[in-house]
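Quick look at coords_16.tsv (TSV, C-alpha atoms):
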```tsv
chain	number	residue	atom	x	y	z
A	1	MET	CA	95.62	54.17	52.74
A	2	LYS	CA	93.62	54.21	55.96
A	3	SER	CA	96.45	55.95	57.81
A	4	LYS	CA	96.64	58.65	55.15
A	5	LEU	CA	92.86	59.16	55.31
A	6	LEU	CA	93.01	59.37	59.10
A	7	LEU	CA	95.83	61.91	58.88
A	8	LEU	CA	93.78	64.00	56.45
A	9	VAL	CA	90.78	63.97	58.80
A	10	VAL	CA	92.98	65.05	61.72
A	11	ILE	CA	94.46	67.91	59.65
A	12	ILE	CA	91.02	69.12	58.54
A	13	PHE	CA	89.62	68.93	62.09
A	14	THR	CA	92.65	70.76	63.52
A	15	SER	CA	92.30	73.47	60.88
A	16	ILE	CA	88.63	73.96	61.75
A	17	VAL	CA	89.43	74.24	65.47
A	18	VAL	CA	92.25	76.72	64.88
A	19	PHE	CA	90.13	78.77	62.47
A	20	SER	CA	87.25	78.83	64.93
A	21	SER	CA	89.55	79.86	67.80
A	22	VAL	CA	91.00	82.71	65.78
A	23	ASN	CA	87.63	84.01	64.65
A	24	ALA	CA	85.61	83.45	67.82
A	25	GLU	CA	85.00	86.50	69.97
A	26	ALA	CA	86.92	86.63	73.22
A	27	LYS	CA	84.81	86.00	76.29
A	28	TYR	CA	84.95	88.73	78.94
A	29	THR	CA	84.03	88.32	82.58
A	30	ILE	CA	82.98	91.35	84.65
A	31	VAL	CA	82.64	90.91	88.42
A	32	GLY	CA	80.51	93.11	90.68
A	33	CYS	CA	80.00	93.21	94.43
A	34	VAL	CA	77.30	95.10	96.36
A	35	THR	CA	76.62	95.56	100.06
A	36	PHE	CA	73.06	94.25	100.22
A	37	PRO	CA	71.09	91.13	99.17
A	38	LYS	CA	69.70	90.51	95.71
A	39	THR	CA	66.26	91.74	96.81
A	40	HIS	CA	67.58	95.11	98.04
A	41	PHE	CA	67.71	98.13	95.71
A	42	PHE	CA	71.50	97.61	95.39
A	43	GLY	CA	71.03	94.02	94.24
A	44	MET	CA	68.26	95.00	91.86
A	45	THR	CA	70.46	97.76	90.42
A	46	ALA	CA	73.39	95.40	89.87
A	47	ASP	CA	71.06	92.96	88.12
A	48	LYS	CA	69.71	95.79	85.96
A	49	PHE	CA	73.27	96.71	84.97
A	50	ALA	CA	73.93	93.13	83.85
A	51	GLU	CA	70.68	93.08	81.89
A	52	LEU	CA	71.52	96.34	80.13
A	53	VAL	CA	75.08	95.29	79.27
A	54	HIS	CA	73.71	92.20	77.54
A	55	LYS	CA	71.21	94.40	75.75
A	56	TYR	CA	73.82	96.85	74.42
A	57	TYR	CA	76.67	94.42	73.75
A	58	LYS	CA	76.06	91.48	71.41
A	59	GLY	CA	79.37	89.78	72.10
A	60	ASP	CA	80.25	87.14	74.66
A	61	VAL	CA	80.37	88.66	78.15
A	62	ASP	CA	79.68	87.08	81.51
A	63	ILE	CA	78.68	89.30	84.44
A	64	LYS	CA	79.03	87.79	87.88
A	65	ILE	CA	77.46	89.60	90.83
A	66	HIS	CA	78.24	89.00	94.50
A	67	TYR	CA	75.66	90.22	97.02
A	68	ASN	CA	75.79	90.86	100.78
A	69	SER	CA	79.41	92.11	100.68
A	70	GLU	CA	80.59	88.59	99.82
A	71	LEU	CA	83.91	89.97	98.58
A	72	GLY	CA	84.29	92.71	101.18
A	73	SER	CA	82.99	96.08	102.34
A	74	GLU	CA	82.52	99.07	100.04
A	75	THR	CA	85.97	100.24	101.14
A	76	ASP	CA	87.44	96.87	100.17
A	77	VAL	CA	85.59	96.87	96.84
A	78	PHE	CA	86.85	100.33	95.95
A	79	GLY	CA	90.40	99.24	96.79
A	80	TYR	CA	90.07	96.21	94.51
A	81	MET	CA	88.80	98.40	91.70
A	82	THR	CA	91.75	100.80	91.97
A	83	GLN	CA	94.03	97.81	91.41
A	84	GLY	CA	91.90	96.12	88.77
A	85	VAL	CA	91.63	92.88	90.75
A	86	SER	CA	88.81	90.72	92.16
A	87	VAL	CA	85.99	93.27	91.63
A	88	ASP	CA	85.24	95.39	88.55
A	89	PHE	CA	82.16	97.35	89.62
A	90	GLY	CA	80.19	98.31	92.69
A	91	ILE	CA	77.80	100.83	94.22
A	92	ILE	CA	79.90	102.91	96.58
A	93	THR	CA	79.14	105.66	99.07
A	94	PRO	CA	81.72	108.47	98.87
A	95	GLY	CA	82.11	108.51	102.64
A	96	SER	CA	83.61	105.01	102.58
A	97	ILE	CA	86.55	105.89	100.32
A	98	THR	CA	88.18	108.74	102.26
A	99	ARG	CA	91.31	106.60	102.61
A	100	TRP	CA	91.94	107.40	98.94
A	101	GLU	CA	90.13	110.72	98.53
A	102	LYS	CA	89.11	112.88	101.49
A	103	LYS	CA	87.16	115.30	99.30
A	104	ALA	CA	84.63	112.53	98.62
A	105	ALA	CA	83.32	112.72	102.20
A	106	LEU	CA	81.48	115.94	101.40
A	107	LEU	CA	78.86	114.05	99.39
A	108	SER	CA	77.99	111.78	102.34
A	109	ALA	CA	77.73	114.57	104.90
A	110	PRO	CA	74.47	115.73	106.53
A	111	PHE	CA	72.63	118.77	105.18
A	112	VAL	CA	74.85	119.26	102.10
A	113	PHE	CA	71.77	119.16	99.86
A	114	LYS	CA	68.83	121.24	101.07
A	115	ASP	CA	66.22	119.00	99.43
A	116	VAL	CA	65.79	116.12	96.98
A	117	ASP	CA	65.09	118.42	94.05
A	118	THR	CA	68.44	120.17	94.62
A	119	TRP	CA	70.15	116.79	94.92
A	120	LYS	CA	68.68	115.56	91.61
A	121	LYS	CA	69.79	118.70	89.80
A	122	ALA	CA	73.27	118.49	91.33
A	123	ILE	CA	73.99	114.89	90.33
A	124	HIS	CA	72.94	115.58	86.73
A	125	SER	CA	74.94	118.79	86.41
A	126	ASN	CA	78.66	119.55	86.58
A	127	ALA	CA	78.38	120.69	90.21
A	128	LEU	CA	80.03	117.52	91.53
A	129	ASP	CA	82.63	117.14	88.76
A	130	LYS	CA	85.57	118.25	90.90
A	131	ILE	CA	84.97	115.42	93.36
A	132	LYS	CA	84.15	112.98	90.57
A	133	ASN	CA	87.42	113.79	88.80
A	134	THR	CA	89.50	113.35	91.95
A	135	ILE	CA	87.93	109.93	92.51
A	136	GLU	CA	88.55	108.93	88.90
A	137	ASP	CA	92.19	110.00	89.31
A	138	LYS	CA	92.48	107.15	91.82
A	139	GLY	CA	91.66	104.61	89.11
A	140	VAL	CA	87.87	104.23	89.35
A	141	LYS	CA	85.35	105.55	86.84
A	142	ILE	CA	81.95	106.87	87.94
A	143	PHE	CA	79.23	106.11	85.42
A	144	GLY	CA	76.57	107.93	87.43
A	145	TRP	CA	75.48	109.22	90.84
A	146	GLU	CA	72.47	107.55	92.43
A	147	GLY	CA	70.33	107.42	95.57
A	148	GLY	CA	68.00	110.19	96.73
A	149	SER	CA	66.40	108.72	99.85
A	150	PHE	CA	66.84	110.33	103.26
A	151	ARG	CA	69.06	108.80	105.89
A	152	ASN	CA	67.44	108.81	109.32
A	153	LEU	CA	68.34	107.80	112.85
A	154	ILE	CA	67.89	104.15	113.83
A	155	LEU	CA	67.94	103.73	117.60
A	156	LYS	CA	67.50	101.17	120.33
A	157	ASN	CA	65.60	103.67	122.46
A	158	TYR	CA	63.13	106.50	121.90
A	159	MET	CA	64.49	109.92	121.01
A	160	ASP	CA	62.99	113.33	120.27
A	161	GLU	CA	64.27	116.91	120.03
A	162	LYS	CA	64.60	117.18	123.83
A	163	THR	CA	66.59	113.99	124.35
A	164	ASP	CA	70.11	114.31	125.76
A	165	THR	CA	72.27	112.50	123.17
A	166	SER	CA	75.69	113.33	124.65
A	167	ASN	CA	76.23	109.70	125.63
A	168	LEU	CA	74.41	108.16	122.68
A	169	LYS	CA	76.90	106.02	120.73
A	170	LEU	CA	76.04	106.44	117.06
A	171	ARG	CA	77.65	104.35	114.34
A	172	VAL	CA	79.09	106.50	111.54
A	173	GLN	CA	81.11	105.82	108.40
A	174	LYS	CA	84.89	105.80	108.71
A	175	SER	CA	85.09	109.40	107.57
A	176	PRO	CA	86.68	112.24	109.58
A	177	LEU	CA	83.92	114.58	108.44
A	178	GLN	CA	81.18	112.24	109.61
A	179	GLN	CA	82.80	112.03	113.02
A	180	LYS	CA	83.23	115.81	113.29
A	181	VAL	CA	79.67	116.56	112.20
A	182	PHE	CA	77.95	114.10	114.51
A	183	THR	CA	80.12	115.21	117.41
A	184	ALA	CA	79.02	118.79	116.75
A	185	ILE	CA	75.40	117.70	116.58
A	186	GLY	CA	75.74	116.12	120.02
A	187	PHE	CA	76.36	112.39	119.59
A	188	LYS	CA	79.27	110.10	120.40
A	189	PRO	CA	80.25	108.87	116.91
A	190	VAL	CA	81.64	105.35	116.63
A	191	PRO	CA	83.14	104.38	113.24
A	192	ILE	CA	82.24	100.76	112.51
A	193	VAL	CA	82.21	98.73	109.29
A	194	TYR	CA	78.61	98.34	108.09
A	195	GLN	CA	78.74	94.54	108.17
A	196	GLU	CA	79.43	94.67	111.94
A	197	VAL	CA	76.54	96.99	112.83
A	198	TYR	CA	73.94	94.36	113.74
A	199	ASN	CA	76.15	92.67	116.32
A	200	ALA	CA	77.34	96.05	117.61
A	201	LEU	CA	73.72	97.01	118.27
A	202	ARG	CA	72.93	93.67	119.86
A	203	THR	CA	75.91	93.76	122.21
A	204	GLY	CA	75.63	97.43	123.16
A	205	VAL	CA	78.79	98.62	121.42
A	206	ILE	CA	76.56	101.22	119.77
A	207	ASP	CA	73.11	102.62	120.54
A	208	GLY	CA	72.13	103.38	116.97
A	209	LEU	CA	73.15	104.37	113.48
A	210	GLU	CA	71.92	106.44	110.58
A	211	ASN	CA	70.64	104.74	107.45
A	212	GLU	CA	68.05	104.89	104.70
A	213	PRO	CA	64.84	102.84	105.12
A	214	ALA	CA	65.71	100.04	102.67
A	215	GLY	CA	69.00	99.30	104.43
A	216	TYR	CA	67.23	99.34	107.82
A	217	ARG	CA	64.71	96.80	106.62
A	218	ASP	CA	66.89	94.47	104.57
A	219	MET	CA	69.67	94.25	107.17
A	220	LYS	CA	66.99	93.59	109.84
A	221	PHE	CA	68.34	96.24	112.19
A	222	TYR	CA	64.78	96.67	113.47
A	223	GLU	CA	65.20	93.42	115.42
A	224	VAL	CA	67.65	95.16	117.78
A	225	ALA	CA	66.85	98.86	117.18
A	226	PRO	CA	63.10	99.45	116.74
A	227	TYR	CA	63.00	103.28	116.67
A	228	PHE	CA	63.18	105.06	113.32
A	229	VAL	CA	63.57	108.79	113.93
A	230	LEU	CA	62.77	110.87	110.83
A	231	SER	CA	65.70	113.26	111.12
A	232	ASN	CA	66.03	113.48	107.30
A	233	HIS	CA	69.58	114.72	107.83
A	234	THR	CA	71.35	113.28	104.78
A	235	ILE	CA	70.27	112.55	101.22
A	236	ALA	CA	71.95	109.23	100.41
A	237	THR	CA	74.40	109.48	97.53
A	238	TRP	CA	76.26	106.61	95.91
A	239	GLY	CA	78.31	106.27	92.77
A	240	PHE	CA	78.01	103.47	90.23
A	241	MET	CA	81.74	102.83	89.98
A	242	PHE	CA	83.85	100.75	87.61
A	243	SER	CA	87.55	99.86	87.62
A	244	LYS	CA	89.54	101.92	85.11
A	245	LYS	CA	92.03	99.08	84.65
A	246	THR	CA	89.27	96.65	83.76
A	247	TYR	CA	87.59	99.21	81.53
A	248	GLY	CA	90.84	99.75	79.61
A	249	LYS	CA	91.09	96.03	78.80
A	250	LEU	CA	87.62	95.88	77.23
A	251	PRO	CA	87.02	96.29	73.48
A	252	PRO	CA	85.53	99.67	72.45
A	253	GLU	CA	82.02	98.32	71.89
A	254	LEU	CA	81.92	96.72	75.34
A	255	GLN	CA	83.31	99.91	76.89
A	256	LYS	CA	80.41	101.84	75.37
A	257	ALA	CA	77.94	99.22	76.58
A	258	VAL	CA	79.12	99.17	80.21
A	259	ALA	CA	79.27	102.99	80.38
A	260	LYS	CA	75.75	103.34	79.02
A	261	ALA	CA	74.43	100.51	81.18
A	262	GLY	CA	76.10	101.96	84.28
A	263	ALA	CA	74.57	105.41	83.77
A	264	GLU	CA	71.12	103.93	83.21
A	265	ALA	CA	71.46	101.55	86.16
A	266	ALA	CA	72.31	104.53	88.39
A	267	ASP	CA	69.13	106.31	87.30
A	268	TYR	CA	67.19	103.09	87.83
A	269	HIS	CA	68.52	102.88	91.39
A	270	THR	CA	67.43	106.45	92.05
A	271	SER	CA	63.93	105.64	90.83
A	272	LEU	CA	63.79	102.69	93.25
A	273	GLU	CA	65.00	104.75	96.21
A	274	LEU	CA	62.63	107.66	95.61
A	275	GLY	CA	59.69	105.53	94.55
A	276	GLY	CA	59.99	103.10	97.45
A	277	TYR	CA	60.94	105.42	100.30
A	278	ASN	CA	57.49	105.89	101.88
A	279	SER	CA	56.30	102.36	101.18
A	280	VAL	CA	59.37	100.87	102.89
A	281	ILE	CA	58.74	102.99	105.99
A	282	GLU	CA	55.09	101.87	105.99
A	283	ASP	CA	56.21	98.26	105.70
A	284	LEU	CA	58.63	98.70	108.61
A	285	ALA	CA	55.89	100.15	110.81
A	286	LYS	CA	53.23	97.64	109.81
A	287	ASN	CA	55.18	94.39	109.56
A	288	CYS	CA	58.43	94.83	111.47
A	289	GLY	CA	57.31	96.44	114.73
A	290	VAL	CA	59.15	99.68	114.02
A	291	LYS	CA	58.12	102.81	115.88
A	292	VAL	CA	58.40	105.80	113.53
A	293	VAL	CA	59.15	109.10	115.30
A	294	LYS	CA	58.67	112.50	113.65
A	295	PHE	CA	61.54	114.89	114.23
A	296	ASP	CA	62.42	118.54	113.66
A	297	ASN	CA	66.03	118.64	112.42
A	298	SER	CA	66.49	122.44	112.48
A	299	ILE	CA	68.81	122.42	115.53
A	300	MET	CA	70.86	119.56	114.06
A	301	ARG	CA	71.21	121.49	110.82
A	302	LYS	CA	72.32	124.66	112.63
A	303	LYS	CA	75.07	122.74	114.47
A	304	ALA	CA	76.24	120.75	111.43
A	305	LEU	CA	76.57	123.42	108.73
A	306	PRO	CA	79.54	125.36	110.22
A	307	VAL	CA	81.53	122.12	110.51
A	308	ILE	CA	80.77	121.18	106.90
A	309	LYS	CA	81.72	124.65	105.67
A	310	GLU	CA	85.03	124.52	107.57
A	311	TYR	CA	85.79	121.03	106.21
A	312	ALA	CA	85.03	122.17	102.67
A	313	GLN	CA	87.52	125.01	103.06
A	314	GLU	CA	90.20	122.70	104.45
A	315	LEU	CA	89.94	120.29	101.53
A	316	ASP	CA	89.45	122.87	98.77
A	317	VAL	CA	85.87	121.89	97.91
A	318	SER	CA	84.17	125.12	98.95
A	319	ASP	CA	83.47	125.69	95.27
A	320	VAL	CA	81.58	122.39	95.12
A	321	LEU	CA	79.52	123.36	98.16
A	322	ASP	CA	78.86	126.80	96.63
A	323	ALA	CA	77.79	125.20	93.35
A	324	ILE	CA	75.32	122.98	95.21
A	325	ASN	CA	73.95	125.88	97.24
A	326	SER	CA	73.47	128.00	94.11
A	327	ILE	CA	71.15	125.46	92.51
A	328	LYS	CA	67.58	126.75	92.33
```
Render the structure in this file as structure tokens.
Amino acid sequence: MKSKLLLLVVIIFTSIVVFSSVNAEAKYTIVGCVTFPKTHFFGMTADKFAELVHKYYKGDVDIKIHYNSELGSETDVFGYMTQGVSVDFGIITPGSITRWEKKAALLSAPFVFKDVDTWKKAIHSNALDKIKNTIEDKGVKIFGWEGGSFRNLILKNYMDEKTDTSNLKLRVQKSPLQQKVFTAIGFKPVPIVYQEVYNALRTGVIDGLENEPAGYRDMKFYEVAPYFVLSNHTIATWGFMFSKKTYGKLPPELQKAVAKAGAEAADYHTSLELGGYNSVIEDLAKNCGVKVVKFDNSIMRKKALPVIKEYAQELDVSDVLDAINSIK
């Protein structure tokens, strides 16, 4: 009698477990990786994305975020996303993915956008769709463009408009266009992975780089390069990108949630960049010993634009450049 009762209990318990397993929602894990620490605008944006996904999706989803390039550079992260392995989302600069799509470099080039207002209109219009579509053809979705802060020159030594920069070794992204443009401007471009920049500055491999204020501060480049020259040559542009392979494995409701959260996180990032630009520079000058140098970039612009126009023609993105220039 006892054995029969025990058998009945086991059957009932097994049935409950099986029923629960069948009816329970599947748990999904989404992995992100960003270049900077949690306190940087990138980290804050990734955290905002996670917050918004949980807001818009009521199912069981776990979002794991790796900061400080823990899983690799932006180039590595993009490569993972094309394959649908290791990383599912990241904040990527177009200039870092020219291995897959050379057209993307246009959006990271100096003087492509004449001002921030033009940039904001461009990223929220169809002006950049041709480049967006070519990137998405490589297996990575773009939920939104983001950024908006100026990239400036970060140098070990003082520089102004009269300085001879012909021997100044400037770190640039691994993009042929970046190298051509900065050569035309008058520097000696040195392509180096971002994570190696600090040591390259310290050891003299490079004399400087170009970066937005938040990156300058949070990577502590000011410790080895204290001059921040306000060249305002590039408006930083990144894409909030997500693996197509991962996206295709998600249920429809979670797909909607991540797409909506990604677009809103991109806008949130832009608000951080634009809202914090001046205050970060003030903080650098006041608390980090940075010497801020005003700079007239008109000669740089004059030298750079012909190279950008030629590159756009070579890679069939002259129409994108024309669309940007036509924005009023």
Here is a test: counting all atoms listed in the file, which residue of A:Phe111, A:Trp145, A:Tyr227, A:Tyr56 is nearest to A:Tyr158?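 Of A:Phe111, A:Trp145, A:Tyr227, A:Tyr56, the one nearest A:Tyr158 is A:Tyr227, counting all atoms listed in the file.
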Residues within 9 Å of A:Leu128, all atoms listed in the file, excluding chain neighbours under 2 positions, as an mmCIF file with C-alpha atoms, in the coordinates of the input:
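What landed in result.cif:
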```cif
data_model
loop_
_atom_site.group_PDB
_atom_site.id
_atom_site.type_symbol
_atom_site.label_atom_id
_atom_site.label_comp_id
_atom_site.auth_asym_id
_atom_site.auth_seq_id
_atom_site.Cartn_x
_atom_site.Cartn_y
_atom_site.Cartn_z
ATOM 1 C CA LEU A 107 78.860 114.050 99.390
ATOM 2 C CA ALA A 122 73.270 118.490 91.330
ATOM 3 C CA ILE A 123 73.990 114.890 90.330
ATOM 4 C CA HIS A 124 72.940 115.580 86.730
ATOM 5 C CA SER A 125 74.940 118.790 86.410
ATOM 6 C CA ASN A 126 78.660 119.550 86.580
ATOM 7 C CA LYS A 130 85.570 118.250 90.900
ATOM 8 C CA ILE A 131 84.970 115.420 93.360
ATOM 9 C CA LYS A 132 84.150 112.980 90.570
ATOM 10 C CA ASN A 133 87.420 113.790 88.800
ATOM 11 C CA VAL A 320 81.580 122.390 95.120
ATOM 12 C CA LEU A 321 79.520 123.360 98.160
ATOM 13 C CA ALA A 323 77.790 125.200 93.350
ATOM 14 C CA ILE A 324 75.320 122.980 95.210
#
```
Given all atoms listed in the file as the counted atoms, nearest of A:Val34, A:Ile235, A:Leu209, A:Leu284 to A:Val112: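 Of all the options, A:Ile235 lies closest to A:Val112.
Among the candidates A:Val205, A:Phe242, A:Lys286, A:Gly90, the residue lying nearest to A:Ile142 is A:Phe242 (atoms considered: all atoms listed in the file).
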My list of candidates is A:Leu230, A:Leu153, A:Met241, A:Leu305. Which is closest to A:Asn278 when distances are computed with all atoms listed in the file? A:Leu230
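Atom CA of A:Lys64 to atom CA of A:Gly239 spans 19.1 Å [interatomic distance, one decimal].
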Atom pair atom CA of A:Thr246 + atom CA of A:Tyr80, distance 10.8 Å
Shell around stretch 67-70 of chain A at 12 Å using only C-alpha atoms, local window under 3 positions removed, as number ranges by chain: A: 31-47, 64, 73-77, 86-87, 90-92, 193-196, 215, 218-219
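Straight-line separation from atom CA of A:Gly147 to atom CA of A:Lys294: 22.1 Å.
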What's around A:Met159 at 9 Å? Count all atoms listed in the file, leave out sequence neighbours fewer than 3 positions away in its own chain, and write the answer as a PDB file with C-alpha atoms, keeping the file's coordinate frame.
```
ATOM      1  CA  LEU A 155      67.940 103.730 117.600  1.00  0.00           C
ATOM      2  CA  LYS A 162      64.600 117.180 123.830  1.00  0.00           C
ATOM      3  CA  THR A 163      66.590 113.990 124.350  1.00  0.00           C
ATOM      4  CA  ASP A 164      70.110 114.310 125.760  1.00  0.00           C
ATOM      5  CA  THR A 165      72.270 112.500 123.170  1.00  0.00           C
ATOM      6  CA  TYR A 227      63.000 103.280 116.670  1.00  0.00           C
ATOM      7  CA  VAL A 229      63.570 108.790 113.930  1.00  0.00           C
ATOM      8  CA  VAL A 293      59.150 109.100 115.300  1.00  0.00           C
ATOM      9  CA  PHE A 295      61.540 114.890 114.230  1.00  0.00           C
TER      10      PHE A 295
END
```
I want to know what sits within 9 Å of A:Ala265, based on all atoms listed in the file, with residues of the same chain fewer than 2 positions away left out; could you give that as a PyMOL selection string? chain A and resi 45-49+52+144+146+240+260-263+267-270
Hey, could you pull the box centre and edge lengths for stretch 242-257 of chain A, axis-aligned, 3 Å padding per side, all listed atoms, to one decimal in Å, as JSON?
```
{"center_x": 85.0, "center_y": 98.9, "center_z": 79.8, "size_x": 20.1, "size_y": 12.0, "size_z": 21.7}
```
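Comparing A:Tyr247, A:Trp238, A:Tyr222, A:Tyr311 by their smallest distance to A:Thr82, the closest is A:Tyr247 (using all atoms listed in the file).
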Within 10 Å of A:Lys188, counting all atoms listed in the file, which residues qualify if same-chain residues fewer than 6 places away don't, as a list of chain:residue names? A:Thr165, A:Ser166, A:Asn167, A:Leu168, A:Lys169, A:Leu170, A:Arg171, A:Val172, A:Gln179, A:Lys180, A:Phe182, A:Ile206, A:Asp207
Which one is closest to A:Ala214: A:Ser149, A:Ser175, A:Ser271, A:Ser243? Count all atoms listed in the file.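 Comparing A:Ser149, A:Ser175, A:Ser271, A:Ser243 against A:Ala214, the winner is A:Ser149.
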